[in-house]
Amino acid sequence: MPLPFILAGAAVAAASYGAKKGYDGYQDKSEASDIIESAKRKYDEERTIFDEQNDQTNKSLTSLGEFQLQVGNDFKEFRTIAEKLLVKLNQSNSKDLEIDFPQHKLDEIDGLALSTTAYMSKVAGAGAAGAAAAYAVYGGVMAMAAASTGTPIAALSGAAAYNATMAAIGGGSLAAGGFGMAGGAMVLGGVVAAPIMAIAGWAFASHAEEALSDARKTRAEVNDAVGKMVQGRKQLAKTKLYVDRIYAEIDRLYSIFREYFDSLKAFEQLISNKTDISKFEDEVILLIKNGYQIAAILTDIITTPLFKPKKDAQGNVVLNDENIVEIETDSDGMQVINESGIKATLAKSSNTQK
């Protein structure tokens, strides 16, 4: 065969091969684009649902934390007024009046009151956003640690609880690319953070073969992130359920406590106006005693940990090097909700009536 025809045949073959490669490259590029777009839609849809659940849970935690701090602060004022009225009654009475109420329960009420005061002064000074949500997460577990170690609750709340707050809120919001809000960092234990942060963008290599490989890798990463987000929002929803139950019971009991508290403040106003309240002795004593009873039940609820703290062989709560309570995690790395403890405490308090 003449050489020109051989060269021509080779050229045709080369052109055909090039066309085939070009078409394959186009197909790979097209498939890669489809995979990326599908993965992005899947990720965005689940991320929207997850973010909404995370936001709802954080709002519930914030409301609960603010309420718990308010209750603790009111306990301090109630105790101050009660002691003031008892002194006034004893001044006009030959008897030494005392309230028939267990001292260890009074100590627990005082401990909660002191802890909220110390906590608010520490966190307020730092201007830390999300501190109320962190208190809802840490308040009870810190109180348990105090009971276990013998360290005063106020000391833990002043230092360790502050450190815990900083750990919980230090990473910034999800919207800002962080994962540090109490509802995220503590409830999920960072399980969802890694896969979310791994999905940094949607760019892929310019070569078709590399693009397809990268697209498949991205799809796998997205599937992992979506799976973790599904787990995460279920955990967030479960946490919110218990937080809302706790809030509802505190609200119910607090409305009873407020009636005693308001009546006690009315008697304080009377003595400020130089009124002799000795004729109201029985009523004042009953108000104080009833107020303490409700305060004790509220203290039990508030100091019941939302999440299970780790314990050592002796049953003591485990603290890390920064004096932060370590919390149990499940096989997925999620924080373990203290379901049995919460249910038992709420069941006990539900029998309380005015």
# chains A, B, ... in the order shown; residues from 1 in each chain; ligands from 1
>>> residues_around(residues="Leu346 (chain A)", least_positions_apart="2", cutoff="8 Å", atoms="only C-alpha atoms", output="JSON, numbers by chain")
{"A": [246, 249, 301, 342, 343, 344, 348, 349, 350]}
>>> closest_residue(among="A:Ile109, A:Ala136, A:Ala32, A:Ile288", to="Glu259 (chain A)", atoms="only C-alpha atoms")
A:Ile288
>>> closest_residue(among="A:Ile49, A:Leu106, A:Leu188, A:Ile271", to="Gly232 (chain A)", atoms="only C-alpha atoms")
A:Leu188
>>> closest_residue(among="A:Ile250, A:Leu64, A:Ile294, A:Ile36", to="Tyr138 (chain A)", atoms="only C-alpha atoms")
A:Leu64
>>> atom_distance(atom1="CA of Arg252 (chain A)", atom2="CA of Gln56 (chain A)")
21.9 Å
>>> residues_around(residues="Glu77 (chain A)", least_positions_apart="4", cutoff="9 Å", atoms="only C-alpha atoms", output="list in words")
Asn73, Ile81, Ala82, Ala113 and Phe261 of chain A
>>> atom_distance(atom1="CA of Asp244 (chain A)", atom2="CA of Leu61 (chain A)")
8.5 Å
>>> atom_distance(atom1="CA of Asn338 (chain A)", atom2="CA of Gln53 (chain A)")
20.2 Å
>>> closest_atom_pairs(of="region 44-103 of chain A", to="region 302-305 of chain A", cutoff="12 Å", atoms="only C-alpha atoms", output="CSV")
residue,atom,partner,partner_atom,distance
A:Leu64,CA,A:Ile302,CA,9.5
A:Gly65,CA,A:Ile302,CA,9.4
A:Glu66,CA,A:Ile302,CA,11.7
A:Phe67,CA,A:Ile302,CA,9.9
A:Gln68,CA,A:Ile302,CA,6.7
A:Leu69,CA,A:Ile302,CA,9.5
A:Gln70,CA,A:Ile302,CA,11.5
A:Val71,CA,A:Ile302,CA,9.3
A:Gly72,CA,A:Ile302,CA,9.1
